[in-house]
Amino acid sequence: MKPIDSIRQHRGAALLFALLTFPSSALADGTALADSIPITAAIAMIQSVSPDAAGMKAASEAAAALRVLPADRLPQLFDAMSNADAVSRNWIRGIVFDITRQSPSLPKELIESYAMDRANNGSGRGLAMEILQKIAPEQSSKLIMGCLDDPSLPLRQMAVAQTLGRAEAAKKDGDDDMAKKLYRDALIAARQPRQLEAAVRSLKDLGETASIRQAFSMITTWKAIGPFNNTGGVGFDAVYSPESTYLASQSTDAKPAADGKDGDVMWKDVEGDADTGKVDLATAFEKEKGATAYLFTTFRSPTAQVAQARLGCVTANKVWVNGQEQMANEVYHSGTALDQYIANVELREGDNTILIKACQNEQTEGWAQDWEFQFRLTDLNGKGLTSGN
C-alpha cells in the first residue's frame, strides 16, 4: 500500500467512526450535524476519496449526512471546492444539488452574495452561480454580464459564453460592427480553448484579422535538430547529444550532432504556422518515420513567476523548462488538441530555456503521418504569456 493510501485509509476510518457513532437522530437533522459534528470532518471524508475509489464507503456515509444539511449551510460546501480534486469536486457538486432539490426554499441572497464575492474561491463561486441560474435566471444573467474579467474561471467562462451568444444574435440582426466588438471582447476574456477558437473563427467569418497563434500566444520560433533514431520507439528514452548537452548546460551546441539517425545532423530554424501556431515537423524533416527531433527556444519573463507549460502534440513528447523535465507522454496518434498536456513550471526573471523532444513512430496509415505540435506558456488561469512582456 502506498503511504498516501494508508493515510487516506486511517483518516477515513477515524472520520467514519465519528459519523457512525454519533446518534442517528442527529444525522437525520442537518442542523444537529452542523452544530454537533463539524461539517469540515464530513467534507474531509469526501476529500479523502482517491481516484481508485479508496475510502468510498466512508465518503458515502459522510455524503448521506451532508445531504440533509439546511440550505443556509451551502456556503460551507462552496468553500470546500477550493481544496478539492476532480473526484471530490464531483461528490460535493452532487451533494449541493441534492440539497437544493430537497429544500423547500433557497436563500437566494446568500447564494448570490457568495457567487459575486471575488474573495471566495473560484470553483465555489462558479457552483453558486450555477444554482443561481436555476432559481433566478434573469438576475444571474445580468450578474454574469459583468464577469468577463472575473478571476473565477467558471464565471469568466459563463460570461464569455454569454458574450459569444450576444455576438451571434447581433450578426443575425445584421449588426456586424456590434458582433465584431463582442467577439473581440470574448477573445480578450476567454481562457477556455474552444471559446477562443470560436471567437477567432467568427471574427474571420466577418472578414477580421484573427489567428489562433496570436490569440493563444503560441511560441512559434524554434531551433530544431534531427532526425535521431526512434525505430521501435527507442528514441523516447534514449538520451541523444542535444538532450545531454542541454541537461548539462541548459544550452545547445552549434556543432553537428554525430548521433543522428543517418549521420551528422545540424540545428536549423523552424517557424510555426502563421494561423494555428503549429510546428510541422513532418515537413521540417521530410516525413521521416521512426524519428526523434529536438526543439529549443528561450523565453524572457519580466519576473520570476509560477506559470504553466501547455502542449498539444500528436506524438510522444517530453518537455524541459530550465533543465527540469516537466512532462513526458509516450502516446502516438491518439489525437491532439490545444492545451492537451499542462504542467506548472517555475519561470525565473530573464531568459528561460525550453527543450521539447518529439518522437514519430513508424505507422503507415494516412492519419499517422502527422508530426507536429503547438506550445505556449500561460499564467495559472490560462492567459497566454508573451516573451519579453
# chains A, B, ... in the order shown; residues from 1 in each chain; ligands from 1
call {"tool": "residues_around", "arguments": {"residues": "region 256-260 of chain A", "least_positions_apart": "3", "cutoff": "6 Å", "atoms": "only C-alpha atoms", "output": "MDAnalysis selection string"}}
result
chainID A and resid 227:228 263:266
call {"tool": "write_last_selection", "arguments": {"atoms": "N, CA and C atoms", "output": "PDB file, in the first residue's frame"}}
result
ATOM      1  N   PRO A 227      16.832  14.205 -37.970  1.00  0.00           N
ATOM      2  CA  PRO A 227      16.185  13.215 -37.097  1.00  0.00           C
ATOM      3  C   PRO A 227      17.207  12.338 -36.365  1.00  0.00           C
ATOM      4  N   PHE A 228      16.783  11.897 -35.165  1.00  0.00           N
ATOM      5  CA  PHE A 228      17.500  10.869 -34.417  1.00  0.00           C
ATOM      6  C   PHE A 228      16.627   9.612 -34.436  1.00  0.00           C
ATOM      7  N   GLY A 263      23.552   9.816 -39.634  1.00  0.00           N
ATOM      8  CA  GLY A 263      24.811  10.550 -39.642  1.00  0.00           C
ATOM      9  C   GLY A 263      24.664  11.914 -39.000  1.00  0.00           C
ATOM     10  N   ASP A 264      25.564  12.814 -39.317  1.00  0.00           N
ATOM     11  CA  ASP A 264      25.564  14.141 -38.697  1.00  0.00           C
ATOM     12  C   ASP A 264      24.272  14.903 -39.021  1.00  0.00           C
ATOM     13  N   VAL A 265      23.768  15.606 -38.028  1.00  0.00           N
ATOM     14  CA  VAL A 265      22.611  16.490 -38.226  1.00  0.00           C
ATOM     15  C   VAL A 265      22.927  17.839 -37.580  1.00  0.00           C
ATOM     16  N   MET A 266      22.292  18.887 -38.102  1.00  0.00           N
ATOM     17  CA  MET A 266      22.570  20.252 -37.658  1.00  0.00           C
ATOM     18  C   MET A 266      21.301  20.929 -37.133  1.00  0.00           C
TER      19      MET A 266
END
call {"tool": "residues_around", "arguments": {"residues": "Ser217 (chain A)", "least_positions_apart": "4", "cutoff": "10 Å", "atoms": "only C-alpha atoms", "output": "list in words"}}
result
Ser211, Ile212, Arg213, Gly277, Phe375, Arg376, Leu377, Thr378, Lys383, Gly384, Leu385, Thr386 and Ser387 of chain A
call {"tool": "residues_around", "arguments": {"residues": "Cys359 (chain A)", "least_positions_apart": "5", "cutoff": "6 Å", "atoms": "only C-alpha atoms", "output": "list of chain:residue names"}}
result
A:Ala291, A:Thr292, A:Ala316
call {"tool": "select_by_dssp", "arguments": {"residues": "region 203-316 of chain A", "states": "alpha helix (DSSP H)", "output": "JSON, numbers by chain"}}
result
{"A": [203, 204, 205, 212, 213, 214, 215, 241, 242, 243, 244, 245, 246, 247, 248, 249, 281, 282, 283, 284]}
call {"tool": "closest_residue", "arguments": {"among": "A:Met116, A:Ala58, A:Ala224, A:Ala167", "to": "Gly272 (chain A)", "atoms": "only C-alpha atoms"}}
result
A:Ala224
call {"tool": "atom_distance", "arguments": {"atom1": "CA of Ala41 (chain A)", "atom2": "CA of Gly124 (chain A)"}}
result
18.4 Å
call {"tool": "closest_residue", "arguments": {"among": "A:Val200, A:Ala159, A:Leu206, A:Val239", "to": "Lys172 (chain A)", "atoms": "only C-alpha atoms"}}
result
A:Leu206
call {"tool": "closest_residue", "arguments": {"among": "A:Lys357, A:Lys287, A:Arg101, A:Arg93", "to": "Pro70 (chain A)", "atoms": "only C-alpha atoms"}}
result
A:Arg101
call {"tool": "closest_residue", "arguments": {"among": "A:Leu338, A:Leu153, A:Ile43, A:Ala169", "to": "Leu196 (chain A)", "atoms": "only C-alpha atoms"}}
result
A:Leu338
call {"tool": "closest_residue", "arguments": {"among": "A:Ala86, A:Ala254, A:Ile219, A:Ala274", "to": "Ile356 (chain A)", "atoms": "only C-alpha atoms"}}
result
A:Ile219
call {"tool": "residues_around", "arguments": {"residues": "Phe236 (chain A)", "least_positions_apart": "5", "cutoff": "12 Å", "atoms": "only C-alpha atoms", "output": "JSON, numbers by chain"}}
result
{"A": [228, 229, 230, 231, 243, 290, 291, 292, 293, 294, 315, 316, 317, 318, 319, 328, 329, 330, 331, 332, 356, 357, 358, 359, 360, 361]}
